[in-house]
Amino acid sequence: MTDNVTLISGVASRYATALLDLSEEQGSVAEVETALTAFEKLLQDSEDLRRLVTSPVFSADEQVKALGAILDKAGIAGLAGNFIKLAARNRRLFAVPSMIAAFRAALAERRGELPADVISATELSKDQLDTLTTSLNEATGKSVVVSAKVDPSLIGGLVVKVGSRMIDTSLKTKLNSLKIAMKEVG
């Protein structure tokens, strides 16, 4: 399993770097980033599209033809659309989500940004996100870009991941720690 993950991440990184270099040459980084985000949203919203992307049953020609129609309807064209079709032609469509993540990571690195994943029990307000971003900027000394997600199972608190560091102040984790401590005593 680890070899497959390494293989996919290597392929994703190479494709993403090539896309980023080409989009910088053409001055279309923002358009490509927007188009990739739109495609990622389509993947999240459609089980059928996920099946098309991940299933080895479909031939490359079938995937390219179906994706052509989907991308046209979604308004995803230009470099990003050609990139996704190229991945399909090369039988690498299954790795497109990893390619998009690698593209974002490489772009953030070139911009000098540090990505941070924040998971909260409820949606954070704009003021809360701004305060958290400011605090993370000061703590890391870099420009932090926050990606916020909601996980109601946390009950309360936050889980913040910046680079290889994770800060978990969720009520769920505190309750689990208390439960383990009580089992050890009893």
# chains A, B, ... in the order shown; residues from 1 in each chain; ligands from 1

$ closest_atom_pairs --of "region 55-127 of chain A" --to "region 30-40 of chain A" --cutoff "10 Å" --atoms "only C-alpha atoms" --output "JSON lines"
{"residue": "A:Ile70", "atom": "CA", "partner": "A:Phe39", "partner_atom": "CA", "distance": 9.5}
{"residue": "A:Leu71", "atom": "CA", "partner": "A:Phe39", "partner_atom": "CA", "distance": 8.0}
{"residue": "A:Ala74", "atom": "CA", "partner": "A:Ala38", "partner_atom": "CA", "distance": 8.0}
{"residue": "A:Gly75", "atom": "CA", "partner": "A:Ala35", "partner_atom": "CA", "distance": 8.3}
{"residue": "A:Ile76", "atom": "CA", "partner": "A:Ala35", "partner_atom": "CA", "distance": 5.7}
{"residue": "A:Ala77", "atom": "CA", "partner": "A:Ala35", "partner_atom": "CA", "distance": 7.8}
{"residue": "A:Gly78", "atom": "CA", "partner": "A:Val32", "partner_atom": "CA", "distance": 8.2}
{"residue": "A:Leu79", "atom": "CA", "partner": "A:Val32", "partner_atom": "CA", "distance": 6.7}
{"residue": "A:Ala80", "atom": "CA", "partner": "A:Val32", "partner_atom": "CA", "distance": 5.3}
{"residue": "A:Gly81", "atom": "CA", "partner": "A:Ala35", "partner_atom": "CA", "distance": 7.8}
{"residue": "A:Phe83", "atom": "CA", "partner": "A:Val32", "partner_atom": "CA", "distance": 9.6}
{"residue": "A:Ile84", "atom": "CA", "partner": "A:Leu36", "partner_atom": "CA", "distance": 8.9}
{"residue": "A:Val96", "atom": "CA", "partner": "A:Glu40", "partner_atom": "CA", "distance": 8.9}
{"residue": "A:Pro97", "atom": "CA", "partner": "A:Glu40", "partner_atom": "CA", "distance": 7.0}
{"residue": "A:Met99", "atom": "CA", "partner": "A:Leu36", "partner_atom": "CA", "distance": 9.6}
{"residue": "A:Ile100", "atom": "CA", "partner": "A:Leu36", "partner_atom": "CA", "distance": 6.6}
{"residue": "A:Ala101", "atom": "CA", "partner": "A:Leu36", "partner_atom": "CA", "distance": 9.6}
{"residue": "A:Phe103", "atom": "CA", "partner": "A:Glu33", "partner_atom": "CA", "distance": 8.4}
{"residue": "A:Arg104", "atom": "CA", "partner": "A:Glu33", "partner_atom": "CA", "distance": 7.8}
{"residue": "A:Leu107", "atom": "CA", "partner": "A:Glu33", "partner_atom": "CA", "distance": 9.1}

$ select_by_dssp --residues "chain A" --states "helix (DSSP H, G or I)" --output "ChimeraX atom specification"
/A:2-26,29-45,47-54,60-74,78-89,93-111,126-140,152-154,171-185

$ select_by_dssp --residues "region 20-148 of chain A" --states "strand (DSSP E)" --output "number ranges by chain"
A: 113-120, 143-148

$ closest_residue --among "A:Arg91, A:Lys85, A:Lys174, A:Gly27" --to "Phe58 (chain A)" --atoms "only C-alpha atoms"
A:Arg91
